[in-house]
>>> print(open('run10.txt').read())   # compact mmCIF, C-alpha atoms
# COMPACT_ATOMS: atom_id res chain seq x y z
CA MET A 1 29.43 -36.79 -96.07
CA ALA A 2 27.84 -35.81 -99.31
CA VAL A 3 25.07 -37.98 -100.64
CA ALA A 4 23.82 -38.49 -104.14
CA ALA A 5 22.09 -35.38 -105.36
CA ASP A 6 18.59 -35.33 -106.76
CA SER A 7 18.43 -33.87 -110.18
CA THR A 8 16.79 -30.49 -110.01
CA THR A 9 15.80 -30.86 -113.65
CA ASP A 10 13.05 -33.20 -112.40
CA PHE A 11 11.22 -30.11 -111.27
CA GLU A 12 11.24 -28.39 -114.58
CA GLY A 13 8.51 -28.58 -117.14
CA ILE A 14 5.61 -28.50 -114.72
CA GLU A 15 3.75 -25.77 -116.44
CA GLY A 16 0.90 -24.26 -114.52
CA PHE A 17 1.82 -25.63 -111.11
CA GLU A 18 3.18 -22.39 -109.75
CA GLU A 19 0.16 -20.53 -111.10
CA PHE A 20 -2.06 -23.04 -109.35
CA VAL A 21 -0.20 -22.49 -106.09
CA THR A 22 -0.53 -18.73 -106.46
CA ALA A 23 -4.21 -18.88 -107.33
CA ARG A 24 -5.39 -21.62 -104.99
CA GLY A 25 -2.78 -21.40 -102.23
CA PRO A 26 -4.57 -18.73 -100.15
CA ARG A 27 -7.87 -20.64 -100.16
CA LEU A 28 -6.14 -23.91 -99.32
CA LEU A 29 -4.28 -22.17 -96.52
CA ARG A 30 -7.52 -20.83 -95.08
CA ALA A 31 -9.12 -24.27 -95.23
CA ALA A 32 -6.01 -25.75 -93.61
CA TRP A 33 -6.23 -23.20 -90.84
CA LEU A 34 -9.83 -24.17 -90.14
CA LEU A 35 -8.70 -27.77 -89.86
CA THR A 36 -5.64 -27.22 -87.71
CA GLY A 37 -6.45 -23.97 -85.91
CA ASP A 38 -2.82 -22.92 -86.18
CA ALA A 39 -1.16 -20.78 -88.85
CA HIS A 40 2.16 -22.67 -88.86
CA LEU A 41 0.55 -26.09 -88.97
CA ALA A 42 -1.77 -24.84 -91.70
CA GLU A 43 1.16 -23.78 -93.88
CA ASP A 44 2.88 -27.09 -93.15
CA LEU A 45 -0.28 -28.93 -94.18
CA VAL A 46 -0.64 -26.94 -97.40
CA GLN A 47 2.98 -27.52 -98.35
CA THR A 48 2.65 -31.23 -97.66
CA VAL A 49 -0.38 -31.37 -99.92
CA LEU A 50 1.28 -29.36 -102.69
CA ALA A 51 4.36 -31.58 -102.47
CA LYS A 52 2.06 -34.56 -103.05
CA LEU A 53 0.38 -32.78 -105.92
CA TRP A 54 3.57 -31.82 -107.72
CA PRO A 55 4.75 -35.26 -108.91
CA LYS A 56 1.25 -35.96 -110.24
CA TRP A 57 0.79 -32.57 -111.83
CA HIS A 58 1.22 -33.71 -115.42
CA ARG A 59 -1.72 -36.06 -114.94
CA LEU A 60 -3.86 -33.75 -112.84
CA ALA A 61 -3.38 -30.47 -114.67
CA ASP A 62 -5.98 -31.29 -117.31
CA GLY A 63 -8.43 -32.71 -114.81
CA ASN A 64 -9.46 -31.23 -111.51
CA PRO A 65 -6.33 -30.54 -109.43
CA GLU A 66 -8.39 -28.48 -107.04
CA ALA A 67 -10.54 -31.45 -106.07
CA TYR A 68 -7.42 -33.57 -105.64
CA ALA A 69 -5.85 -30.89 -103.43
CA ARG A 70 -8.96 -30.66 -101.27
CA ARG A 71 -9.11 -34.42 -100.87
CA ALA A 72 -5.41 -34.56 -100.03
CA LEU A 73 -5.85 -31.74 -97.53
CA VAL A 74 -8.51 -33.47 -95.44
CA ASN A 75 -6.89 -36.89 -95.75
CA THR A 76 -3.45 -35.62 -94.79
CA TYR A 77 -4.93 -33.70 -91.89
CA SER A 78 -6.74 -36.84 -90.79
CA SER A 79 -3.57 -38.94 -90.92
CA TRP A 80 -1.64 -36.26 -89.04
CA TRP A 81 -4.25 -36.28 -86.36
CA GLN A 82 -4.11 -40.03 -86.03
CA ARG A 83 -0.32 -40.07 -86.00
CA ARG A 84 0.65 -36.99 -84.14
CA TRP A 85 -2.26 -35.32 -82.45
CA ARG A 86 -3.93 -38.21 -80.74
CA GLY A 87 -2.84 -36.80 -77.45
CA GLU A 88 -4.26 -33.37 -78.11
CA VAL A 89 -4.06 -31.50 -74.87
CA PRO A 90 -7.46 -30.90 -73.33
CA HIS A 91 -8.23 -27.33 -72.42
CA ASP A 92 -8.47 -26.24 -68.85
CA VAL A 93 -11.38 -24.01 -69.77
CA LEU A 94 -13.87 -25.47 -72.17
CA PRO A 95 -15.05 -23.14 -74.91
CA ASP A 96 -18.66 -23.31 -73.77
CA ALA A 97 -17.61 -21.88 -70.45
CA LEU A 98 -16.59 -18.67 -72.15
CA THR A 99 -18.94 -15.78 -71.93
CA ALA A 100 -19.97 -13.17 -74.45
CA ASP A 101 -18.23 -10.47 -72.44
CA MET A 102 -14.96 -12.30 -72.64
CA PHE A 103 -15.27 -12.48 -76.38
CA ALA A 104 -15.60 -8.77 -76.71
CA ASP A 105 -11.83 -8.60 -76.34
CA VAL A 106 -10.85 -11.95 -77.76
CA ASP A 107 -9.65 -12.38 -81.28
CA LEU A 108 -12.41 -13.79 -83.48
CA GLY A 109 -10.01 -16.20 -85.16
CA HIS A 110 -8.82 -17.64 -81.90
CA ALA A 111 -12.38 -18.12 -80.73
CA LEU A 112 -13.34 -19.83 -83.98
CA ALA A 113 -10.34 -22.16 -83.76
CA THR A 114 -11.29 -22.99 -80.18
CA ALA A 115 -14.87 -23.76 -81.19
CA LEU A 116 -13.80 -25.96 -84.11
CA ARG A 117 -11.36 -27.81 -81.87
CA THR A 118 -14.32 -29.18 -79.93
CA LEU A 119 -15.35 -31.16 -83.02
CA PRO A 120 -13.84 -34.55 -83.85
CA PRO A 121 -11.53 -34.38 -86.90
CA ARG A 122 -14.06 -36.04 -89.20
CA GLN A 123 -16.77 -33.51 -88.37
CA ARG A 124 -14.27 -30.69 -88.71
CA SER A 125 -13.42 -31.92 -92.21
CA VAL A 126 -17.11 -32.05 -93.11
CA VAL A 127 -17.64 -28.51 -91.82
CA VAL A 128 -14.69 -27.18 -93.82
CA LEU A 129 -15.63 -28.89 -97.08
CA ARG A 130 -19.36 -28.36 -96.81
CA TYR A 131 -19.58 -24.87 -95.36
CA PHE A 132 -16.26 -23.24 -96.19
CA GLU A 133 -15.47 -24.80 -99.56
CA ASP A 134 -19.21 -24.85 -100.23
CA LEU A 135 -19.20 -28.34 -101.70
CA SER A 136 -22.44 -30.24 -102.10
CA VAL A 137 -23.17 -33.23 -99.89
CA GLU A 138 -22.20 -35.54 -102.74
CA GLU A 139 -18.95 -33.71 -103.47
CA THR A 140 -18.05 -33.71 -99.78
CA ALA A 141 -18.76 -37.43 -99.59
CA GLU A 142 -16.53 -38.06 -102.59
CA ALA A 143 -13.69 -36.02 -101.10
CA LEU A 144 -13.92 -37.87 -97.80
CA GLY A 145 -14.49 -41.27 -99.34
CA CYS A 146 -17.76 -41.87 -97.50
CA ARG A 147 -21.50 -41.98 -98.24
CA PRO A 148 -23.63 -38.85 -98.61
CA GLY A 149 -25.72 -40.01 -95.65
CA THR A 150 -22.63 -39.96 -93.46
CA VAL A 151 -21.85 -36.42 -94.55
CA LYS A 152 -25.38 -35.32 -93.71
CA SER A 153 -25.31 -36.90 -90.26
CA GLN A 154 -21.81 -35.60 -89.50
CA ALA A 155 -22.79 -32.11 -90.63
CA ALA A 156 -25.92 -32.19 -88.49
CA LYS A 157 -23.94 -33.35 -85.47
CA ALA A 158 -21.33 -30.66 -86.04
CA LEU A 159 -24.00 -27.98 -86.36
CA ARG A 160 -25.68 -29.16 -83.19
CA ALA A 161 -22.39 -29.26 -81.32
CA LEU A 162 -21.36 -25.81 -82.47
CA ARG A 163 -24.83 -24.43 -81.83
CA GLY A 164 -24.55 -25.63 -78.26
CA LEU A 165 -21.58 -23.39 -77.63
CA PRO A 166 -22.33 -19.86 -76.45
CA THR A 167 -19.05 -19.06 -78.15
CA VAL A 168 -20.56 -19.67 -81.54
CA ASN A 169 -23.57 -17.49 -80.93
CA THR A 170 -21.22 -14.69 -80.04
CA LEU A 171 -19.11 -15.40 -83.07
CA VAL A 172 -22.11 -15.41 -85.36
CA GLU A 173 -23.06 -11.99 -84.10
CA GLY A 174 -19.47 -10.89 -84.69
CA GLY A 175 -19.54 -12.35 -88.18
CA GLU A 176 -22.76 -10.54 -88.98
CA ARG A 177 -21.19 -7.31 -87.82
CA CYS A 178 -18.26 -7.99 -90.12
CA GLU A 179 -20.67 -8.58 -92.96
CA GLN A 180 -22.36 -5.25 -92.40
CA HIS A 181 -19.09 -3.30 -92.49
CA MET B 1 -51.02 -29.72 -91.12
CA SER B 2 -49.08 -28.60 -88.09
CA ASP B 3 -46.55 -31.40 -88.73
CA VAL B 4 -45.91 -29.95 -92.18
CA ASN B 5 -45.43 -26.51 -90.68
CA ASN B 6 -43.04 -27.86 -88.06
CA THR B 7 -40.98 -29.63 -90.70
CA GLU B 8 -40.83 -26.50 -92.79
CA GLU B 9 -39.82 -24.43 -89.79
CA GLU B 10 -37.13 -26.92 -88.87
CA GLY B 11 -35.79 -26.92 -92.41
CA GLU B 12 -35.74 -23.16 -92.45
CA ARG B 13 -33.94 -23.06 -89.10
CA GLU B 14 -31.35 -25.53 -90.34
CA ARG B 15 -30.72 -23.49 -93.48
CA ASN B 16 -30.27 -20.39 -91.36
CA GLN B 17 -27.81 -22.17 -89.12
CA GLU B 18 -25.86 -23.39 -92.11
CA GLN B 19 -25.77 -19.88 -93.52
CA GLU B 20 -24.59 -18.48 -90.20
CA LEU B 21 -21.84 -21.06 -90.08
CA ARG B 22 -20.73 -20.19 -93.61
CA LEU B 23 -20.57 -16.55 -92.60
CA LEU B 24 -18.65 -17.38 -89.49
CA LEU B 25 -16.09 -19.53 -91.30
CA GLU B 26 -15.57 -16.88 -93.95
CA HIS B 27 -15.00 -14.06 -91.48
CA GLY B 28 -13.37 -15.85 -88.58
CA ILE B 29 -10.13 -16.79 -90.31
CA PRO B 30 -7.25 -14.47 -89.44
CA ASP B 31 -5.04 -12.95 -92.12
CA LEU B 32 -2.70 -15.68 -93.25
CA ALA B 33 0.38 -14.90 -95.28
CA ALA B 34 2.19 -17.53 -97.30
CA PRO B 35 5.98 -17.55 -96.96
CA LYS B 36 7.76 -15.87 -99.85
CA ASP B 37 9.82 -18.98 -100.58
CA ARG B 38 6.90 -21.40 -100.50
CA MET B 39 7.79 -22.89 -103.89
CA ARG B 40 11.34 -23.51 -102.74
CA GLN B 41 10.10 -25.22 -99.60
CA ILE B 42 7.76 -27.42 -101.63
CA ARG B 43 10.65 -28.33 -103.91
CA GLN B 44 12.68 -29.33 -100.84
CA ARG B 45 9.85 -31.49 -99.56
CA VAL B 46 9.58 -33.29 -102.90
CA ALA B 47 13.34 -33.90 -102.92
CA ARG B 48 13.31 -35.22 -99.36
CA GLY B 49 10.37 -37.49 -100.13
CA ARG B 50 12.23 -38.97 -103.07
CA ARG B 51 15.34 -39.59 -101.01
CA ARG B 52 13.27 -41.18 -98.27
CA ARG B 53 11.56 -43.52 -100.71
CA ARG B 54 14.91 -44.40 -102.26
CA LEU B 55 16.30 -45.18 -98.83
CA ALA B 56 13.25 -47.31 -98.00
CA VAL B 57 13.75 -49.34 -101.17
CA LEU B 58 17.45 -49.72 -100.38
CA THR B 59 16.65 -50.81 -96.83
CA ALA B 60 14.09 -53.33 -98.07
CA VAL B 61 16.55 -54.74 -100.60
CA THR B 62 19.25 -54.97 -97.94
CA GLY B 63 16.79 -56.72 -95.64
CA VAL B 64 15.87 -59.26 -98.30
CA VAL B 65 19.55 -59.95 -99.02
CA ALA B 66 20.29 -60.26 -95.30
CA ALA B 67 17.32 -62.60 -94.83
CA GLY B 68 18.53 -64.67 -97.76
CA LEU B 69 22.00 -64.90 -96.29
CA LEU B 70 20.59 -65.79 -92.89
CA GLY B 71 18.52 -68.52 -94.48
CA THR B 72 21.59 -69.83 -96.25
CA LEU B 73 23.55 -69.88 -93.02
CA ARG B 74 20.78 -71.72 -91.24
CA ILE B 75 20.54 -74.30 -93.97
CA SER B 76 24.27 -74.86 -94.04
CA GLY B 77 24.75 -74.73 -90.26
CA PRO B 78 24.54 -77.62 -87.85
CA ALA B 79 21.02 -78.92 -87.25
CA ASP B 80 21.09 -78.11 -83.53
CA ALA B 81 22.57 -74.63 -83.93
CA PRO B 82 20.56 -71.89 -82.14
CA PRO B 83 18.68 -69.44 -84.39
CA ALA B 84 20.65 -66.37 -85.29
CA GLN B 85 19.81 -63.13 -83.49
CA VAL B 86 18.44 -60.41 -85.72
CA ALA B 87 19.80 -56.96 -84.99
CA ALA B 88 17.38 -54.32 -83.79
CA PRO B 89 16.02 -52.37 -86.76
CA GLN B 90 16.92 -49.03 -85.24
CA ARG B 91 20.62 -49.78 -85.37
CA SER B 92 22.15 -48.00 -88.25
CA THR B 93 25.29 -46.33 -89.41
CA THR B 94 23.45 -43.42 -90.98
CA THR B 95 20.10 -42.31 -89.67
CA PRO B 96 18.19 -39.88 -91.87
CA MET B 97 15.74 -37.94 -89.78
CA PRO B 98 12.11 -37.29 -90.66
CA ASP B 99 11.59 -34.67 -93.26
CA GLU B 100 10.38 -32.17 -90.70
CA LEU B 101 13.85 -32.10 -89.23
CA GLY B 102 16.03 -32.99 -92.21
CA LEU B 103 18.79 -33.88 -89.77
CA ILE B 104 21.28 -36.54 -90.75
CA LEU B 105 23.12 -38.38 -87.99
CA ARG B 106 26.06 -40.64 -88.52
CA THR B 107 26.12 -43.18 -85.75
CA ASP B 108 28.15 -46.34 -85.58
CA SER B 109 26.57 -49.77 -85.37
CA THR B 110 26.47 -49.76 -81.58
CA TRP B 111 24.03 -46.85 -81.48
CA TYR B 112 20.26 -46.87 -81.49
CA THR B 113 17.85 -44.19 -82.71
CA LEU B 114 14.15 -43.62 -82.21
CA THR B 115 11.76 -40.98 -83.56
CA THR B 116 8.82 -40.03 -81.37
CA PRO B 117 5.93 -37.58 -81.85
CA ASP B 118 4.53 -35.41 -79.12
CA THR B 119 1.49 -33.28 -78.53
CA ARG B 120 3.31 -30.19 -79.71
CA ALA B 121 2.80 -31.90 -83.12
CA LEU B 122 6.58 -31.82 -83.35
CA THR B 123 9.18 -34.53 -83.41
CA THR B 124 11.92 -35.61 -81.05
CA VAL B 125 14.65 -37.92 -82.24
CA PHE B 126 16.52 -39.90 -79.61
CA ALA B 127 19.95 -41.46 -80.09
CA ALA B 128 21.72 -43.61 -77.51
CA ASN B 129 24.51 -46.11 -77.07
CA ARG B 130 21.99 -48.53 -75.56
CA PRO B 131 18.64 -50.01 -76.69
CA LEU B 132 15.61 -47.72 -76.59
CA THR B 133 11.99 -48.44 -75.72
CA ASP B 134 9.35 -46.48 -77.62
CA PRO B 135 7.50 -44.32 -75.07
CA GLY B 136 4.68 -43.57 -77.56
CA THR B 137 3.26 -40.11 -78.16
CA CYS B 138 4.59 -37.77 -75.53
CA THR B 139 1.75 -35.91 -73.85
CA GLU B 140 3.98 -33.88 -71.54
CA ALA B 141 6.79 -32.68 -73.74
CA THR B 142 7.89 -30.16 -71.15
CA SER B 143 11.55 -31.09 -71.22
CA ALA B 144 13.92 -33.08 -73.36
CA PHE B 145 13.77 -36.28 -71.36
CA SER B 146 10.28 -36.02 -69.86
CA CYS B 147 9.18 -38.85 -72.17
CA SER B 148 12.40 -40.78 -72.17
CA PRO B 149 12.83 -44.03 -74.09
CA VAL B 150 15.23 -45.01 -71.30
CA ASP B 151 14.08 -45.66 -67.72
CA ARG B 152 17.52 -45.37 -66.25
CA LEU B 153 20.92 -44.88 -67.82
CA GLY B 154 23.59 -47.39 -66.90
CA VAL B 155 27.26 -46.61 -66.34
CA ASP B 156 28.88 -45.12 -69.45
CA GLU B 157 25.54 -44.74 -71.20
CA VAL B 158 24.32 -41.65 -73.00
CA LEU B 159 20.97 -40.48 -74.34
CA ILE B 160 20.65 -37.62 -76.82
CA ALA B 161 17.35 -35.89 -77.63
CA PHE B 162 17.17 -33.81 -80.81
CA ARG B 163 14.12 -31.61 -80.42
CA GLN B 164 12.48 -29.37 -82.99
CA GLU B 165 11.82 -26.15 -81.14
CA ALA B 166 10.74 -22.61 -81.88
CA GLU B 167 13.92 -20.98 -80.64
CA PRO B 168 17.55 -22.01 -80.36
CA HIS B 169 18.81 -22.60 -76.84
CA LYS B 170 20.85 -19.44 -77.18
CA GLU B 171 20.73 -16.62 -79.69
CA GLY B 172 23.72 -15.30 -81.57
CA SER B 173 24.99 -18.46 -83.15
CA ALA B 174 22.23 -19.37 -85.53
CA ASP B 175 24.55 -20.12 -88.44
CA THR B 176 26.18 -23.13 -86.90
CA PHE B 177 25.41 -25.69 -84.29
CA VAL B 178 27.30 -25.37 -81.06
CA ILE B 179 27.34 -27.62 -78.05
CA GLU B 180 27.87 -26.49 -74.50
CA PRO B 181 28.33 -28.54 -71.33
CA GLN B 182 25.98 -27.52 -68.54
CA THR B 183 27.18 -26.89 -65.02
CA GLU B 184 24.78 -29.54 -63.79
CA PRO B 185 22.29 -31.90 -65.42
CA GLY B 186 18.68 -30.84 -65.75
CA GLN B 187 15.95 -32.40 -63.66
CA SER B 188 14.70 -34.72 -66.41
CA CYS B 189 18.27 -35.89 -67.12
CA ARG B 190 18.87 -36.53 -63.43
CA ARG B 191 15.62 -38.47 -63.26
CA ILE B 192 16.98 -41.04 -65.69
CA GLY B 193 20.27 -41.27 -63.83
CA GLY B 194 22.31 -38.70 -65.75
CA ASP B 195 25.15 -36.90 -63.99
CA GLN B 196 26.26 -34.69 -66.85
CA GLN B 197 24.36 -32.75 -69.52
CA TRP B 198 25.25 -30.84 -72.66
CA ILE B 199 22.97 -28.68 -74.74
CA GLY B 200 23.48 -27.94 -78.41
CA TRP B 201 21.54 -25.58 -80.64
CA GLY B 202 21.45 -24.21 -84.11
CA SER B 203 19.67 -24.13 -87.43
CA ALA B 204 20.40 -24.33 -91.09
CA THR B 205 21.99 -21.34 -92.75
CA PRO B 206 20.41 -18.89 -93.04
CA ARG B 207 17.88 -19.23 -90.26
CA ALA B 208 15.38 -17.17 -92.21
CA SER B 209 15.18 -19.94 -94.80
CA GLY B 210 12.45 -21.56 -92.76
CA GLN B 211 14.57 -24.52 -91.72
CA PRO B 212 13.81 -25.86 -88.27
CA ILE B 213 15.63 -24.92 -85.14
CA ILE B 214 16.96 -28.05 -83.52
CA ASN B 215 18.16 -28.17 -79.97
CA ALA B 216 20.15 -31.19 -78.89
CA TYR B 217 20.12 -32.35 -75.27
CA VAL B 218 22.77 -34.84 -74.22
CA CYS B 219 22.41 -36.73 -70.96
CA LEU B 220 25.36 -38.84 -69.81
CA ARG B 221 26.04 -41.07 -66.84
CA GLN B 222 29.61 -41.72 -65.67
CA ALA B 223 30.73 -41.36 -69.26
CA SER B 224 34.15 -42.70 -70.20
CA GLN B 225 36.52 -40.70 -72.39
CA GLU B 226 35.74 -43.05 -75.25
CA THR B 227 32.00 -42.37 -74.96
CA ILE B 228 32.56 -38.63 -74.69
CA ASP B 229 34.72 -38.72 -77.81
CA ARG B 230 32.08 -40.77 -79.60
CA VAL B 231 29.30 -38.35 -78.68
CA GLY B 232 31.47 -35.42 -79.72
CA LYS B 233 32.08 -37.08 -83.08
CA LEU B 234 28.38 -37.82 -83.58
CA LEU B 235 27.50 -34.21 -82.91
CA ALA B 236 30.38 -32.89 -84.99
CA THR B 237 29.26 -34.88 -88.01
CA ALA B 238 25.52 -34.21 -87.64
CA SER B 239 24.25 -32.10 -90.47
CA LEU B 240 21.06 -30.68 -91.83
CA ASP B 241 19.78 -31.70 -95.20
CA LEU B 242 18.85 -28.44 -96.85
CA GLY B 243 16.75 -30.35 -99.30
CA ASP B 244 17.95 -28.91 -102.59
CA GLY B 245 19.04 -32.32 -103.66
CA ALA B 246 22.40 -32.28 -102.02
CA MET B 247 23.66 -32.30 -98.50
CA ASP B 248 24.97 -29.07 -97.20
CA THR B 249 28.55 -30.06 -96.57
CA THR B 250 29.77 -26.73 -95.34
CA SER B 251 27.53 -26.16 -92.37
CA PRO B 252 25.81 -26.52 -90.07
CA THR B 253 27.52 -29.07 -87.90
CA PHE B 254 27.68 -29.49 -84.22
CA ALA B 255 30.96 -27.99 -83.18
CA PRO B 256 31.94 -28.23 -79.55
CA THR B 257 32.85 -24.77 -78.28
CA ARG B 258 35.15 -26.38 -75.78
CA SER B 259 35.97 -29.82 -74.65
CA PRO B 260 33.23 -31.45 -72.60
CA LEU B 261 35.97 -32.46 -70.22
CA ASP B 262 36.94 -28.87 -69.45
>>> encode(input="run10.txt", output="C-alpha cells")
Amino acid sequence: MAVAADSTTDFEGIEGFEEFVTARGPRLLRAAWLLTGDAHLAEDLVQTVLAKLWPKWHRLADGNPEAYARRALVNTYSSWWQRRWRGEVPHDVLPDALTADMFADVDLGHALATALRTLPPRQRSVVVLRYFEDLSVEETAEALGCRPGTVKSQAAKALRALRGLPTVNTLVEGGERCEQH
Amino acid sequence: MSDVNNTEEEGERERNQEQELRLLLEHGIPDLAAPKDRMRQIRQRVARGRRRRRLAVLTAVTGVVAAGLLGTLRISGPADAPPAQVAAPQRSTTTPMPDELGLILRTDSTWYTLTTPDTRALTTVFAANRPLTDPGTCTEATSAFSCSPVDRLGVDEVLIAFRQEAEPHKEGSADTFVIEPQTEPGQSCRRIGGDQQWIGWGSATPRASGQPIINAYVCLRQASQETIDRVGKLLATASLDLGDGAMDTTSPTFAPTRSPLD
C-alpha cells in the first residue's frame, strides 16, 4: 500500500519563505476573501498560491515575490472560477433588493461579499488589485496580463455596478462610521 | 467653460467613489485567522503536487509505450484485422484522487472512476463497475447521486460517490472510516435503480489536522456476493494520503462495521 515517499529534505533551505508567509499571509488572505467571499475558500486559495510560490522561492526571493503572489492569486482564482464555479448559484434575493434597514442588522462582511459577488470575476480582480492592494492602473494591468485601458474600463464598470447597488451606499456609510471610531 | 467644469466635477466624483470603495474594502473584511498549521498544509500541497506530476509523467510514458506496442501489433497483424479497441482512460488499478481529497482508491481493471466538480466548489469522485458518463458541473449537489454519471444501474452494478463534506455522516468515529448498510436506499439511489445503499464516513487522523471529511455513498442494484466482496475490498483498502511524503498505512481505511449481507 505504501508508495514512494517524497524527500522532506526538499523543503529545507528555503530561507525567508516562512517569514514571507507570516508577513504577507494576512494581506493575501484578505485579498483572497474579497475574491471568493468565503473564509474557507480564501484560505484554500492562499495556500494554493503559496504552494506554487514555494518551489520558485529561490528565484523569487531576491525579486518581487509579493507581485508574483498577487498575480498567482488572481490567476488561480480566475481558473478556479472557470473550472469549478461556473455554475455559481444565483441568489433568490438580489443584493440591490436589500434595504438599508435590513443592513442595520446584517454583518458588514457578508454584505460586502454579496455586493462583490454581483461583479464578474475579472472586474472583481480589478477591484481587489486596484482598490484594495492599491496598485496603479499599470501595475494592475501587468498582474492581470492585460492593457491599462482594459483595467480602466473594467474598474469604471465595476464602480458603476457597485454604485448602482443600494447595498453599497449603506456599506459606505458603515465604512465611514468605522473610520470615525 | 461649463464643459471644463463638468469634466472636473466628474473627475472629482470618480475620485470620491474610488476613495469610498477603498474605505469599504478595507473595513468590510471580517476577521480572518490563518490556521496554526498553515506551513504544514502548504508542505503537504507541494508534496501532493509533485506526486501528481510524477504520476502524470508515468502515465504519459505508459501511454506512449502502449501506443508503440499497439502500432507494432497493427503492423504485424493481418491486413484486414479490425483496429484494436483502446481502453477507457478512466480505467485504472490505482486511482489517486485530486489533491483536495487526497484519497487513494485501489480498484481493479474492471472499474471506472470519474472526478466531477459541483457548485459547492467541492469535488465528488465516482467509482463504478460499469462505464461512467461525465455529467459536467453539478448545479444541484443536494445528494450523492443527484448528478449521477449513470442513468440507470444494471443488474449487479454498483456506483460509489466519495463526497467532500463539512461533517462526517455520523460523529464519534472520526479516526477511522466506517461503512454502514442503510435500511433502505436513498431517493437519489433509487432514482438510478439502486435497491441497496451503504454510507461510509471518516477523516484522516486526527480530524483537527484540517484533512477533509469524506463521506462515501454506495448504491447497488441486485448485487451478487462477488460484487459485494469487491466493493468491501475497495472500501477496506481506500486510504487518505496525509501528504507528508508517504502514505498513511495505519489508518484511515474503510472498515465495514458488519457484513453488508447482515
>>> closest_residue(input="run10.txt", among="B:Glu184, B:Glu20, B:Asp151, B:Asp156", to="chain A", atoms="all atoms listed in the file")
B:Glu20
>>> closest_residue(input="run10.txt", among="A:Ala23, A:Ala51, A:Leu28, A:Cys146", to="chain B", atoms="only C-alpha atoms")
A:Ala51
>>> closest_residue(input="run10.txt", among="B:Ile192, B:Pro181, B:Ala238, B:Lys233", to="chain A", atoms="all atoms listed in the file")
B:Ala238
>>> residues_around(input="run10.txt", residues="Trp198 (chain B)", least_positions_apart="6", cutoff="7 Å", atoms="only C-alpha atoms", output="list in words")
Ile179, Glu180, Pro181, Gln182, Tyr217, Val218 and Cys219 of chain B
>>> closest_residue(input="run10.txt", among="B:Arg22, B:Arg13, B:Arg40, B:Arg130", to="chain A", atoms="all atoms listed in the file")
B:Arg22
>>> atom_distance(input="run10.txt", atom1="CA of Ala144 (chain B)", atom2="CA of Pro117 (chain B)")
12.5 Å
